[in-house]
Every structure is written in C-alpha cells, then in structure tokens.
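Text of target.cif (mmCIF, C-alpha atoms and all ligand atoms) as supplied:
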data_work
loop_
_atom_site.label_atom_id
_atom_site.label_comp_id
_atom_site.auth_asym_id
_atom_site.auth_seq_id
_atom_site.Cartn_x
_atom_site.Cartn_y
_atom_site.Cartn_z
CA MET A 15 94.48 56.12 98.67
CA PRO A 16 91.95 55.65 101.49
CA ASP A 17 88.64 57.22 100.53
CA PHE A 18 87.44 58.56 103.86
CA ASP A 19 85.09 61.46 103.10
CA PHE A 20 85.93 64.57 105.11
CA ALA A 21 83.51 66.78 103.17
CA PRO A 22 80.51 66.38 105.51
CA LEU A 23 82.75 67.14 108.48
CA LEU A 24 84.20 70.40 107.24
CA ALA A 25 83.44 73.40 109.42
CA PRO A 26 80.80 75.70 107.97
CA GLY A 27 81.83 79.02 106.47
CA LEU A 28 85.21 77.93 105.12
CA PRO A 29 86.52 79.93 102.15
CA PRO A 30 86.62 78.14 98.76
CA ALA A 31 89.31 75.45 98.46
CA ALA A 32 92.74 76.61 97.30
CA ALA A 33 93.89 75.76 93.78
CA LYS A 34 96.77 73.31 93.55
CA PHE A 35 100.12 74.82 92.55
CA THR A 36 101.06 73.68 89.08
CA GLY A 37 104.07 75.92 88.53
CA PHE A 38 104.33 79.60 87.66
CA PRO A 39 102.86 80.91 84.43
CA LYS A 40 105.31 81.82 81.68
CA TYR A 41 104.63 85.54 82.06
CA ASN A 42 103.84 86.24 85.68
CA PHE A 43 102.53 89.71 86.49
CA THR A 44 100.65 88.62 89.61
CA GLY A 45 101.36 88.67 93.31
CA GLY A 46 104.09 90.58 95.08
CA HIS A 47 107.06 88.54 93.92
CA ASN A 48 110.48 90.09 94.02
CA ASP A 49 113.37 90.29 91.56
CA ALA A 50 115.38 87.06 91.91
CA ALA A 51 118.44 88.60 90.25
CA GLU A 52 118.60 91.30 92.94
CA LEU A 53 118.45 88.90 95.88
CA PRO A 54 121.61 89.51 97.97
CA LEU A 55 122.36 85.80 98.07
CA ASP A 56 126.07 85.77 98.91
CA ASP A 57 125.56 88.10 101.85
CA LEU A 58 122.56 86.09 103.07
CA VAL A 59 124.61 82.88 102.90
CA ALA A 60 127.45 84.55 104.83
CA ALA A 61 124.99 85.93 107.40
CA ALA A 62 123.39 82.50 107.88
CA ASN A 63 126.77 80.92 108.35
CA ALA A 64 127.97 83.54 110.82
CA VAL A 65 124.87 83.67 112.97
CA LEU A 66 124.39 79.91 113.11
CA THR A 67 128.03 79.31 113.92
CA ARG A 68 127.92 81.90 116.68
CA GLU A 69 124.55 81.27 118.32
CA GLY A 70 122.85 78.37 116.54
CA ARG A 71 122.39 76.45 119.78
CA THR A 72 119.80 78.99 120.91
CA LEU A 73 117.47 77.31 118.40
CA ALA A 74 116.97 74.67 121.12
CA THR A 75 114.45 76.93 122.87
CA TYR A 76 111.17 78.39 121.61
CA GLY A 77 111.80 82.07 120.89
CA LEU A 78 115.59 81.64 121.02
CA GLU A 79 116.87 83.76 123.91
CA SER A 80 114.76 86.70 122.80
CA GLY A 81 111.27 85.74 123.99
CA PRO A 82 108.01 85.71 122.05
CA GLN A 83 108.43 89.14 120.39
CA GLY A 84 111.12 87.79 118.07
CA TYR A 85 114.90 87.80 117.62
CA ARG A 86 116.15 90.79 119.57
CA PRO A 87 119.01 91.91 117.26
CA LEU A 88 116.48 92.10 114.40
CA ARG A 89 114.10 94.18 116.51
CA GLU A 90 117.02 96.44 117.47
CA PHE A 91 117.92 96.91 113.81
CA LEU A 92 114.31 97.73 113.00
CA ALA A 93 114.02 100.25 115.82
CA GLN A 94 117.06 102.22 114.63
CA LYS A 95 116.10 101.90 110.95
CA LEU A 96 112.52 103.07 111.53
CA LYS A 97 113.84 106.02 113.54
CA ARG A 98 116.32 106.94 110.81
CA THR A 99 114.13 106.47 107.74
CA ALA A 100 110.56 107.00 108.98
CA GLY A 101 111.02 109.12 112.10
CA ILE A 102 109.40 106.50 114.34
CA ALA A 103 110.55 106.72 117.94
CA CYS A 104 110.40 103.17 119.24
CA ASP A 105 112.69 100.59 120.74
CA ALA A 106 112.96 96.82 120.44
CA ASP A 107 110.27 96.31 123.07
CA ASP A 108 107.69 98.13 120.92
CA ILE A 109 108.17 95.66 118.05
CA LEU A 110 106.62 92.24 117.48
CA ILE A 111 108.10 90.09 114.71
CA THR A 112 105.42 88.25 112.73
CA SER A 113 105.28 85.56 110.04
CA GLY A 114 105.05 88.05 107.19
CA SER A 115 102.98 91.19 107.58
CA LEU A 116 99.93 89.08 106.67
CA GLN A 117 100.14 87.68 110.18
CA ALA A 118 100.36 91.27 111.40
CA LEU A 119 97.05 91.93 109.61
CA ASP A 120 95.54 88.90 111.33
CA LEU A 121 96.75 89.96 114.77
CA VAL A 122 95.57 93.56 114.47
CA ASN A 123 92.25 92.40 113.07
CA GLY A 124 92.07 89.71 115.74
CA ILE A 125 92.17 92.18 118.61
CA LEU A 126 90.01 94.88 117.02
CA LEU A 127 87.40 93.50 114.64
CA SER A 128 84.15 91.63 115.01
CA ARG A 129 81.43 90.68 112.56
CA GLY A 130 79.38 93.70 111.48
CA ASP A 131 82.16 96.22 112.17
CA THR A 132 83.08 98.96 109.71
CA ILE A 133 86.56 100.04 108.65
CA VAL A 134 87.69 102.78 106.26
CA THR A 135 90.37 102.30 103.61
CA GLU A 136 91.56 103.48 100.21
CA LEU A 137 89.10 102.70 97.38
CA GLU A 138 91.82 100.66 95.74
CA THR A 139 93.39 98.49 98.39
CA TYR A 140 95.36 95.35 99.12
CA GLN A 141 93.54 92.15 98.25
CA GLY A 142 94.93 90.35 101.32
CA ALA A 143 93.31 93.00 103.52
CA LEU A 144 90.04 92.99 101.55
CA ASN A 145 89.70 89.20 101.74
CA ARG A 146 90.19 89.30 105.49
CA TRP A 147 87.45 91.89 105.99
CA THR A 148 85.09 89.87 103.79
CA ARG A 149 85.81 86.71 105.72
CA LEU A 150 85.34 88.50 109.04
CA GLY A 151 82.04 90.05 107.91
CA VAL A 152 83.48 93.55 108.19
CA ASN A 153 82.18 96.38 106.03
CA ALA A 154 85.00 98.22 104.18
CA VAL A 155 84.26 101.79 103.07
CA GLY A 156 86.57 102.94 100.23
CA ILE A 157 87.96 106.47 99.93
CA PRO A 158 89.10 107.62 96.47
CA LEU A 159 92.74 108.54 95.84
CA ASP A 160 94.47 111.02 93.58
CA GLY A 161 98.16 111.51 92.82
CA ASP A 162 98.82 112.43 96.47
CA GLY A 163 97.15 109.34 97.93
CA MET A 164 93.88 109.08 99.85
CA ARG A 165 91.74 112.22 99.43
CA MET A 166 91.20 113.91 102.76
CA ASP A 167 88.02 115.76 101.68
CA ALA A 168 86.46 112.38 100.89
CA LEU A 169 87.74 110.86 104.15
CA ALA A 170 86.28 113.77 106.14
CA ALA A 171 82.92 113.33 104.39
CA VAL A 172 82.83 109.58 105.06
CA LEU A 173 83.79 109.93 108.73
CA GLU A 174 81.11 112.57 109.19
CA ASP A 175 78.52 110.44 107.41
CA LEU A 176 79.38 107.39 109.54
CA LYS A 177 79.13 109.49 112.68
CA ARG A 178 75.72 110.77 111.60
CA ARG A 179 74.62 107.16 111.20
CA ASP A 180 76.10 106.25 114.58
CA VAL A 181 78.71 103.96 113.06
CA GLN A 182 82.10 104.06 114.78
CA PRO A 183 84.75 102.76 112.34
CA LYS A 184 87.26 100.46 113.98
CA TYR A 185 90.23 101.84 112.05
CA ILE A 186 91.44 103.61 108.94
CA TYR A 187 93.59 101.07 107.08
CA THR A 188 96.04 102.77 104.77
CA VAL A 189 99.08 101.93 102.67
CA PRO A 190 100.35 105.51 102.62
CA THR A 191 103.88 105.08 101.33
CA VAL A 192 103.85 103.53 97.86
CA HIS A 193 100.27 102.44 97.91
CA ASN A 194 99.19 99.01 96.64
CA PRO A 195 98.08 99.04 93.84
CA THR A 196 98.30 102.71 92.70
CA GLY A 197 101.94 103.39 93.69
CA THR A 198 101.03 106.80 95.15
CA ILE A 199 102.57 108.35 98.28
CA LEU A 200 100.35 110.18 100.74
CA SER A 201 101.72 113.72 100.92
CA GLU A 202 103.04 114.99 104.23
CA ALA A 203 100.30 117.63 104.43
CA ARG A 204 97.68 114.92 104.02
CA ARG A 205 99.36 112.80 106.68
CA HIS A 206 98.78 115.63 109.13
CA GLU A 207 95.18 116.01 107.91
CA MET A 208 94.51 112.29 108.30
CA LEU A 209 95.88 112.35 111.84
CA GLU A 210 93.69 115.34 112.70
CA LEU A 211 90.61 113.62 111.31
CA ALA A 212 91.47 110.40 113.10
CA GLU A 213 91.81 112.28 116.36
CA ARG A 214 88.61 114.28 115.81
CA TYR A 215 86.57 111.13 115.14
CA SER A 216 88.50 108.95 117.64
CA VAL A 217 89.48 106.41 115.00
CA PRO A 218 92.85 104.65 115.12
CA ILE A 219 95.00 104.42 112.00
CA PHE A 220 96.36 101.10 110.79
CA GLU A 221 99.44 102.00 108.72
CA ASP A 222 100.75 99.26 106.40
CA ASP A 223 104.13 100.43 105.13
CA CYS A 224 105.63 97.37 103.46
CA TYR A 225 106.71 99.19 100.25
CA ALA A 226 108.16 102.26 101.97
CA ASP A 227 111.78 101.35 101.20
CA LEU A 228 111.15 101.07 97.47
CA ILE A 229 110.82 104.73 96.48
CA TRP A 230 112.56 105.85 93.28
CA ASP A 231 113.91 109.10 94.69
CA GLY A 232 114.50 107.57 98.14
CA LYS A 233 112.48 110.35 99.79
CA ARG A 234 110.29 108.61 102.35
CA PRO A 235 107.95 110.94 104.23
CA PRO A 236 107.68 110.51 107.99
CA ALA A 237 105.40 107.63 108.92
CA LEU A 238 101.94 108.41 110.28
CA HIS A 239 103.10 106.63 113.41
CA ALA A 240 105.94 109.15 113.72
CA LEU A 241 103.70 112.20 113.21
CA SER A 242 100.93 111.11 115.55
CA ARG A 243 100.58 113.11 118.75
CA HIS A 244 97.91 110.97 120.32
CA GLY A 245 99.47 107.55 119.73
CA GLY A 246 96.56 105.97 117.89
CA VAL A 247 98.61 104.50 115.05
CA ILE A 248 99.55 100.85 114.62
CA HIS A 249 102.39 100.51 112.13
CA ILE A 250 103.28 97.31 110.28
CA GLY A 251 106.02 96.47 107.82
CA SER A 252 107.74 93.57 106.12
CA PHE A 253 111.00 92.29 104.67
CA SER A 254 109.07 90.68 101.80
CA LYS A 255 109.44 93.60 99.43
CA SER A 256 112.88 94.86 100.47
CA ILE A 257 114.58 91.45 100.72
CA ALA A 258 112.46 88.37 99.88
CA PRO A 259 108.83 87.32 100.41
CA ALA A 260 109.55 83.63 101.01
CA LEU A 261 111.40 84.53 104.21
CA ARG A 262 108.01 85.40 105.77
CA VAL A 263 109.23 88.07 108.15
CA GLY A 264 107.09 91.07 109.01
CA TYR A 265 106.61 93.20 112.11
CA ILE A 266 104.25 95.34 114.13
CA VAL A 267 105.16 98.55 115.92
CA ALA A 268 102.71 99.39 118.68
CA GLU A 269 102.67 100.14 122.36
CA TRP A 270 103.03 97.26 124.76
CA SER A 271 99.40 97.30 125.91
CA LEU A 272 98.40 96.41 122.32
CA LEU A 273 101.27 94.02 121.63
CA ALA A 274 100.36 92.19 124.83
CA ARG A 275 96.85 91.57 123.46
CA MET A 276 98.25 90.48 120.10
CA LEU A 277 100.76 88.12 121.70
CA ALA A 278 97.90 86.47 123.54
CA ILE A 279 96.30 85.50 120.20
CA LYS A 280 99.60 84.74 118.40
CA THR A 281 99.30 81.07 119.17
CA ASP A 282 102.14 79.79 116.94
CA ALA A 283 104.78 79.75 119.72
CA GLY A 284 106.93 82.16 117.73
CA SER A 285 107.58 82.99 114.08
CA GLY A 286 110.30 80.99 112.29
CA ALA A 287 113.58 81.84 113.98
CA LEU A 288 116.15 80.98 111.33
CA GLU A 289 115.03 83.68 108.92
CA GLN A 290 114.90 86.22 111.76
CA MET A 291 118.46 85.33 112.74
CA VAL A 292 119.69 85.62 109.15
CA LEU A 293 118.02 89.02 108.71
CA GLY A 294 119.26 90.18 112.12
CA GLU A 295 122.79 89.41 110.96
CA PHE A 296 122.44 90.63 107.36
CA CYS A 297 120.55 93.89 107.81
CA PRO A 298 122.82 96.03 109.99
CA LYS A 299 125.68 95.50 107.51
CA HIS A 300 123.95 95.32 104.15
CA PHE A 301 120.35 96.59 104.13
CA ASP A 302 121.23 100.19 103.30
CA ALA A 303 123.37 99.25 100.32
CA HIS A 304 121.04 96.53 99.06
CA VAL A 305 117.84 98.56 98.83
CA PRO A 306 118.99 101.25 96.36
CA ALA A 307 120.40 98.54 94.06
CA LEU A 308 117.07 96.67 94.19
CA THR A 309 115.11 99.86 93.60
CA ARG A 310 117.22 100.82 90.56
CA GLY A 311 116.55 97.41 89.03
CA LEU A 312 112.82 97.72 89.73
CA ARG A 313 112.64 101.16 88.15
CA ALA A 314 114.34 99.81 85.01
CA LYS A 315 111.74 97.02 84.80
CA LEU A 316 108.92 99.51 85.26
CA GLU A 317 110.30 101.53 82.33
CA THR A 318 110.26 98.38 80.22
CA LEU A 319 106.68 97.63 81.24
CA MET A 320 105.43 101.16 80.54
CA ASP A 321 107.24 101.13 77.22
CA ALA A 322 105.80 97.72 76.27
CA LEU A 323 102.28 98.84 77.21
CA GLY A 324 102.67 101.96 75.11
CA GLU A 325 103.91 99.92 72.18
CA GLN A 326 101.31 97.15 72.39
CA PHE A 327 98.22 98.92 73.75
CA GLY A 328 98.88 102.53 72.73
CA THR A 329 96.31 104.83 74.32
CA ALA A 330 94.15 101.83 75.29
CA ALA A 331 96.27 101.37 78.43
CA GLU A 332 96.18 104.32 80.82
CA PHE A 333 98.35 104.55 83.90
CA ASP A 334 100.22 106.97 86.14
CA ASP A 335 103.92 106.51 86.72
CA PRO A 336 104.08 105.09 90.27
CA LYS A 337 106.46 106.66 92.82
CA GLY A 338 108.05 103.33 93.71
CA GLY A 339 107.24 99.70 94.43
CA ILE A 340 106.58 96.73 92.22
CA PHE A 341 103.14 97.38 90.67
CA LEU A 342 101.58 99.29 87.83
CA TRP A 343 97.82 99.92 88.08
CA VAL A 344 96.46 99.99 84.55
CA LYS A 345 93.11 101.16 83.18
CA LEU A 346 92.03 99.41 79.98
CA PRO A 347 89.07 100.56 77.82
CA ASP A 348 85.65 100.31 79.47
CA GLU A 349 84.59 97.30 77.38
CA VAL A 350 87.35 95.17 78.92
CA ASP A 351 86.35 93.06 81.90
CA THR A 352 89.60 91.98 83.51
CA LEU A 353 87.89 89.17 85.45
CA LYS A 354 86.94 87.74 82.04
CA LEU A 355 90.34 88.54 80.53
CA TYR A 356 92.06 86.59 83.30
CA GLN A 357 91.38 83.01 82.08
CA PRO A 358 92.16 83.40 78.36
CA ALA A 359 95.27 85.40 79.27
CA LEU A 360 96.38 82.63 81.62
CA ALA A 361 95.73 80.03 78.93
CA ALA A 362 98.16 82.02 76.76
CA GLY A 363 100.71 82.00 79.61
CA VAL A 364 100.07 85.50 81.00
CA ALA A 365 98.93 85.92 84.61
CA ILE A 366 97.42 89.26 85.66
CA ASN A 367 95.57 90.46 88.76
CA PRO A 368 92.02 91.56 87.79
CA GLY A 369 91.11 95.00 89.13
CA PRO A 370 87.90 94.06 91.00
CA GLU A 371 90.01 92.04 93.44
CA TRP A 372 91.88 95.19 94.48
CA THR A 373 89.07 97.61 95.21
CA THR A 374 86.14 98.09 97.54
CA ASP A 375 84.06 98.98 94.44
CA LYS A 376 84.02 96.01 92.04
CA ALA A 377 82.45 98.03 89.18
CA TYR A 378 85.25 100.61 89.42
CA GLY A 379 87.83 97.84 89.13
CA LYS A 380 86.19 96.11 86.15
CA SER A 381 88.48 97.33 83.38
CA ARG A 382 91.53 97.79 85.59
CA THR A 383 94.37 95.39 86.25
CA ARG A 384 97.39 95.32 88.53
CA LEU A 385 100.65 94.24 86.94
CA CYS A 386 103.67 93.26 89.07
CA PHE A 387 106.86 94.00 87.14
CA ALA A 388 109.42 92.83 89.72
CA ASN A 389 109.76 89.16 88.93
CA ALA A 390 109.60 88.85 85.13
CA SER A 391 112.76 89.53 83.13
CA HIS A 392 112.82 92.51 80.74
CA GLU A 393 112.34 90.09 77.84
CA ALA A 394 109.43 88.36 79.57
CA ILE A 395 107.80 91.71 80.30
CA ARG A 396 107.90 92.63 76.61
CA ALA A 397 106.76 89.22 75.37
CA GLY A 398 104.08 88.92 78.06
CA ILE A 399 102.56 92.32 77.31
CA ALA A 400 102.56 91.55 73.57
CA THR A 401 100.68 88.30 74.29
CA LEU A 402 98.28 90.07 76.65
CA ALA A 403 97.48 92.65 73.97
CA GLU A 404 96.72 89.87 71.47
CA VAL A 405 94.42 88.06 73.90
CA CYS A 406 92.70 91.30 74.88
CA ARG A 407 92.09 92.20 71.24
CA ARG A 408 90.74 88.71 70.51
CA GLU A 409 88.39 88.79 73.51
CA PHE A 410 87.32 92.46 73.63
CA GLY A 411 88.32 94.04 70.30
CA VAL A 412 90.85 96.35 71.95
CA PRO A 413 93.53 97.57 71.50
CA GLU A 414 92.58 98.30 67.89
CA ARG A 415 96.21 98.65 66.92
CA ILE A 416 98.94 96.40 68.25
CA ALA A 417 102.51 97.61 67.77
CA ASN A 418 101.03 99.96 65.20
CA VAL A 419 99.41 97.21 63.12
CA GLU A 420 95.68 97.79 62.66
CA ARG A 421 93.19 95.11 63.63
CA ALA A 422 92.11 92.97 60.69
CA ARG A 423 88.40 93.66 60.11
CA ALA A 424 86.18 90.64 59.62
C1 LIG B 501 99.91 96.23 101.38
C2 LIG B 501 100.41 94.88 101.76
N1 LIG B 501 100.39 94.51 103.04
C3 LIG B 501 100.84 93.31 103.42
C4 LIG B 501 101.32 92.40 102.50
C5 LIG B 501 101.75 91.05 103.00
O1 LIG B 501 103.08 90.80 102.78
P1 LIG B 501 103.94 89.78 103.62
O2 LIG B 501 103.03 88.91 104.44
O3 LIG B 501 104.71 89.01 102.64
O4 LIG B 501 104.79 90.64 104.52
C6 LIG B 501 101.38 92.74 101.16
C7 LIG B 501 101.86 91.78 100.15
O5 LIG B 501 101.77 91.94 98.97
C8 LIG B 501 100.90 94.02 100.77
O6 LIG B 501 100.89 94.40 99.50
#

Would you mind writing the structure in this file as structure tokens?
Ligand SMILES: Cc1ncc(COP(=O)(O)O)c(C=O)c1O
Amino acid sequence: MPDFDFAPLLAPGLPPAAAKFTGFPKYNFTGGHNDAAELPLDDLVAAANAVLTREGRTLATYGLESGPQGYRPLREFLAQKLKRTAGIACDADDILITSGSLQALDLVNGILLSRGDTIVTELETYQGALNRWTRLGVNAVGIPLDGDGMRMDALAAVLEDLKRRDVQPKYIYTVPTVHNPTGTILSEARRHEMLELAERYSVPIFEDDCYADLIWDGKRPPALHALSRHGGVIHIGSFSKSIAPALRVGYIVAEWSLLARMLAIKTDAGSGALEQMVLGEFCPKHFDAHVPALTRGLRAKLETLMDALGEQFGTAAEFDDPKGGIFLWVKLPDEVDTLKLYQPALAAGVAINPGPEWTTDKAYGKSRTRLCFANASHEAIRAGIATLAEVCRREFGVPERIANVERARA
C-alpha cells in the first residue's frame, strides 16, 4: 500500500471518520432496517424484468425520458397514492424523487438553512435530522410530546418566546404520523393547531412522513400538507420503510418554485434510475396488498418485543405501545446510562440505539433507548432482550429480577 498521508490535507470541520463495517451484530435492534421475510421479492423480480424488457433502453440517457424530477410513472403513482391515503392534492410535477428521504432532508436544509439558524422540532427526534442540524450549526429547539404527538401548548410557548427574542425559526420539522422514535401519531385536532400556529408565526412546516403507511389500524390522518390552507408545508416520504431501505428511493412534495431551487442544488445528475423503474412498475399493482401484510408482521414482532421486555426487565422497562412503525422507545431506570450500556451490550452481540442520540435534550435521553424490532426474528428478539437484560444488570444493577429470578447479592 502506498503511504501517502492525506491527513494534513483534509478539509477542516469534517465529521469524525466512519467506522468500518464488520458485519451486523447478532441481535440488531438499531437503525431502520426492514423485515427481510416480508420483502415482496417475487413481485419485485417480475417488475424489474417487465420494466427493463419494455423500456430498459431509456437508461441510456440521464434521467431516463422523465427528466431530473425522477421516473414519471413512479411520480404518477405517488401523486394518486398521496391523494388517496393522505389527502394531498398534487400531481407528478409537484414531486421530486430523491436518493432516500435523507437526500430530501439535505435538499430542504440546503435551500433554507444557514449557520446560526434556529429550527423547532419534537423533543425526541430523528438522529439523521439532528446530526444534520449539528453539522450545519443550526440550533434545534425541542418540543415535548405526549400520546397525541407534539404538544401544541408547548409549541405555542416556544414560538412566542422565540418571537420575543427576535428569532425567526426557519421551519418546524415534524414526523407527525408514526413519530420516530416514540411511535405516536399527531392527532387531527393538533394538526389544525400546528398549522394555525405556523401561519400565525409565519413558519413553514417540514413534514417527514416516512412511516405513515405502517399504522396498525391503517387509519392515517390527513397529512399536514393536505390540511394547509396557506401552502407552507414541505412534505417528504420514502419507500425505505414500506418496501426496502437499500433501494434508496424517497421523495419531496412541494410547489415548483421550491423544487426548482432544490433541483439546482441536487448535483447528482439524477437519483438511481433502476430502483425507480422497478418501484414504478411494482407499486401500482402490489403496494396496497403488500403494506398490510408487512404491517401485520411488524405488529407481531412488536408483541414479541414487548413481551420479552416484560419478561426480562419487568417494571424496569417502561414504554407506550406505539401506533405503528418499527421502533419501541424504552425508558430504563434512571441509573442506566444507555450511552454506557451501548459498548458492553454490543460486545455481547446486542446493538441498541442510545437515547441521547434521538433527542434535543441529551440528559432526557440518558436512560432511554430506541429498539428497532423489524429486522430481528422472533427468536432473536427474545434472545437479544434476555442478553441485554443480563448486560444491563451486570453494568447498572438493574433489572433486579430477570425472568423472575432475583439478582444474586454479593
Ligand atoms: C424520520 C426519518 N426520516 C428520514 C429517514 C431516512 O430514510 P431514507 O433515507 O432511507 O428514506 C428516516 C430513516 O430512518 C427516518 O426515520
């Protein structure tokens, strides 16, 4: 290996280096992975075959024959699906396909945020969004949630306080429909309240709805974008949670004047076309049947996880039953520091997401953890939680009883 030293040349302000992938842990409760068994593989294979056979030669041009906003049949599917399931009135021209909704976050941030700006979000929020604000030097103000999602009394107080201090927040970022990590759904009444507050304080809403298809009872409230009368809502979504994250297909719904600014900074000459073509072929025929099957499987895994936590941690693990999605947000006893639990748990084969990485208030997150139940098998969920309880007891003395066996006293 040549030993040229790049270190002195690296641009200042880079984030810490990424860790090298060494395989998945035995019991993986991290990330937003999906359920491999529920992947609609045969139909995806058939869709790939059909679409490539029919129009594969369009791959010879950047953007296929659809232009830079992405594969048109996929945008047409999205427009009719969003109308039907979320009440959003848009057409294919109001949609920009992105490389996952993470790129959507980058594009929206790219046109709106600068260093020193302030945004408002849920107190618990998506790590991918938090990391971006930190990197951009943006101040994130967290609003507490309850069982109905973000609390509007707290939002009103924060917006008023910011106004008093002459701070104009750039947007309210929210995951209103199956929130990450709490699994709550913002009630319809609160959606109206949020829109009123946003209008009163002239703040746009950035609605991230990537879990909205995964609701146990299938009852998705209208999107904020659909309910808005003044148009100040940017809506993003993804196929990562409803189909598969490795596809890297997300989207933005916004008016053309905004999409035009985003396209100008989307300098990748188009998101990967093959996956867009496959989804554009698969979705109109199969999406509606696939999602309830996926959701049923996810709910069954959640039951296993809640049961295993009850068995292994007893009352030491507190949580609310989420309304959908792939995560359980768990509160452990105050003495547990999940950032310190992380390494020994990993050494025992159990990967968890420590709570401080999912909240604007690190102290609040200290004894909390987010567990993804989608990817592990039922057996792995049970074995992984049993191992986690053992490690937690070894490191922090809790839970005192594991599977009803009292802790041996030294
Ligand atoms: C709230 C939220 N937004 C966006 C994303 C990004 O997903 P993707 O880029 O795979 O669409 C995630 C992934 O976990 C998420 O939880």

Scan for residues within 7 Å of the point (104.2, 105.4, 113.0) in the coordinates of the file, using all atoms listed in the file, and reply as a ChimeraX atom specification. /A:102,237-241,247-249

Choose the residue, out of A:Leu346, A:Ile111, A:Leu159, A:Leu319, that has the smallest atom-to-atom separation from ligand LIG 501 (chain B); count only C-alpha atoms and all ligand atoms.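 With only C-alpha atoms and all ligand atoms as the atom set, the closest residue is A:Ile111.
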
Could you list the protein, DNA and RNA residues that have any atom within 8 Å of ligand LIG 501 (chain B), counting only C-alpha atoms and all ligand atoms, and write them as a VMD selection string? chain A and resid 45 to 46 113 to 119 139 to 143 189 193 to 195 222 to 225 251 to 255 259 to 260 262 to 264

If you measure from CA of Met276 in chain A to CA of Gly130 in chain A, what distance in Å do you get, rounded to one decimal?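 Going from CA of Met276 in chain A over to CA of Gly130 in chain A, I get 21.0 Å.
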
Find the residues around Leu228 in chain A up to 8 Å (only C-alpha atoms counted), leave out those fewer than 4 positions away in its own chain, and share them as a CSV table (one decimal) with C-alpha atoms, in the coordinates of the input.
chain,number,residue,atom,x,y,z
A,192,VAL,CA,103.8,103.5,97.9
A,232,GLY,CA,114.5,107.6,98.1
A,255,LYS,CA,109.4,93.6,99.4
A,256,SER,CA,112.9,94.9,100.5
A,305,VAL,CA,117.8,98.6,98.8
A,306,PRO,CA,119.0,101.2,96.4
A,309,THR,CA,115.1,99.9,93.6
A,338,GLY,CA,108.0,103.3,93.7
A,339,GLY,CA,107.2,99.7,94.4

Within 8 Å of range 41-44 of chain A: each range 315-377 of chain A residue with its shortest pair, all atoms listed in the file, as a tab-separated table:
residue	atom	partner	partner_atom	distance
A:Gly363	CA	A:Tyr41	CA	5.8
A:Val364	CA	A:Tyr41	CA	4.7
A:Ala365	CA	A:Asn42	CA	5.0
A:Ile366	CA	A:Thr44	CA	5.1
A:Asn367	CA	A:Thr44	CA	5.5

Using only C-alpha atoms, list the residues that have an atom at most 10 Å from (89.5, 117.2, 111.1), coordinates as in the file, as number ranges by chain. A: 166-167, 169-170, 173-174, 206-215

So, with only C-alpha atoms as the atoms that count, which of A:Asp227, A:Glu289, A:Leu385, A:Ala168 lies closest to Gly398 in chain A?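 So, comparing all the options, the nearest one is A:Leu385.
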
One decimal place gives the CA of Ile395 in chain A-CA of Asp231 in chain A separation as 23.4 Å

Between CA of Ser242 in chain A and CA of Ala100 in chain A, what is the distance, to one decimal in Å? 12.4 Å

So, with only C-alpha atoms as the atoms that count, which of A:Leu308, A:Ala154, A:Val412, A:Leu288 lies closest to Ile257 in chain A? A:Leu308

Give the answer as one residue: which of A:Cys386, A:Val122, A:Leu316, A:Ala359 has the shortest atom-to-atom distance to Arg408 in chain A, using only C-alpha atoms?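 Among the listed residues, A:Ala359 lies closest to Arg408 in chain A.
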
Restricting the calculation to only C-alpha atoms, which member of A:Ala394, A:Glu409, A:Asp162, A:Leu261 is positioned closest to Leu293 in chain A? A:Leu261

Which residue gives the smallest distance to Glu371 in chain A among A:Leu137, A:Glu69, A:Pro218, A:Met164, with all atoms listed in the file counted?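 Nearest to Glu371 in chain A: A:Leu137.
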
Skipping near chain neighbours, those fewer than 2 positions away, what residues fall within 10 Å of range 298-304 of chain A using all atoms listed in the file, listed as a list in words? Glu52, Leu53, Pro54, Asp57, Leu58, Ala61, Pro87, Leu88, Glu90, Phe91, Leu92, Gln94, Lys95, Asp227, Ser256, Ile257, Leu293, Gly294, Glu295, Phe296, Pro306, Ala307, Leu308 and Thr309 of chain A

Excluding Ile186 in chain A and its own-chain neighbours fewer than 2 positions away, which residues fall within 9 Å of it when counting only C-alpha atoms? Please give them as a list in words.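 My list of contacting residues is Ile133, Val134, Thr135, Glu136, Pro183, Lys184, Thr188, Ala212, Val217, Pro218, Ile219, Phe220 and Glu221 of chain A.
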
Quick one: everything within 9 Å of range 16-28 of chain A, counting only C-alpha atoms, minus sequence neighbours fewer than 2 positions away in the same chain. Send it as a compact mmCIF listing (two decimals) with C-alpha atoms, in the coordinates of the input.
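Result file part18.txt:
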# COMPACT_ATOMS: atom_id res chain seq x y z
CA PRO A 30 86.62 78.14 98.76
CA ALA A 31 89.31 75.45 98.46
CA ARG A 149 85.81 86.71 105.72

Write out as a PyMOL selection string which residues come within 12 Å of Thr72 in chain A when counting all atoms listed in the file, dropping same-chain ones fewer than 6 positions away. chain A and resi 65-66+78-81+85+287-288+291
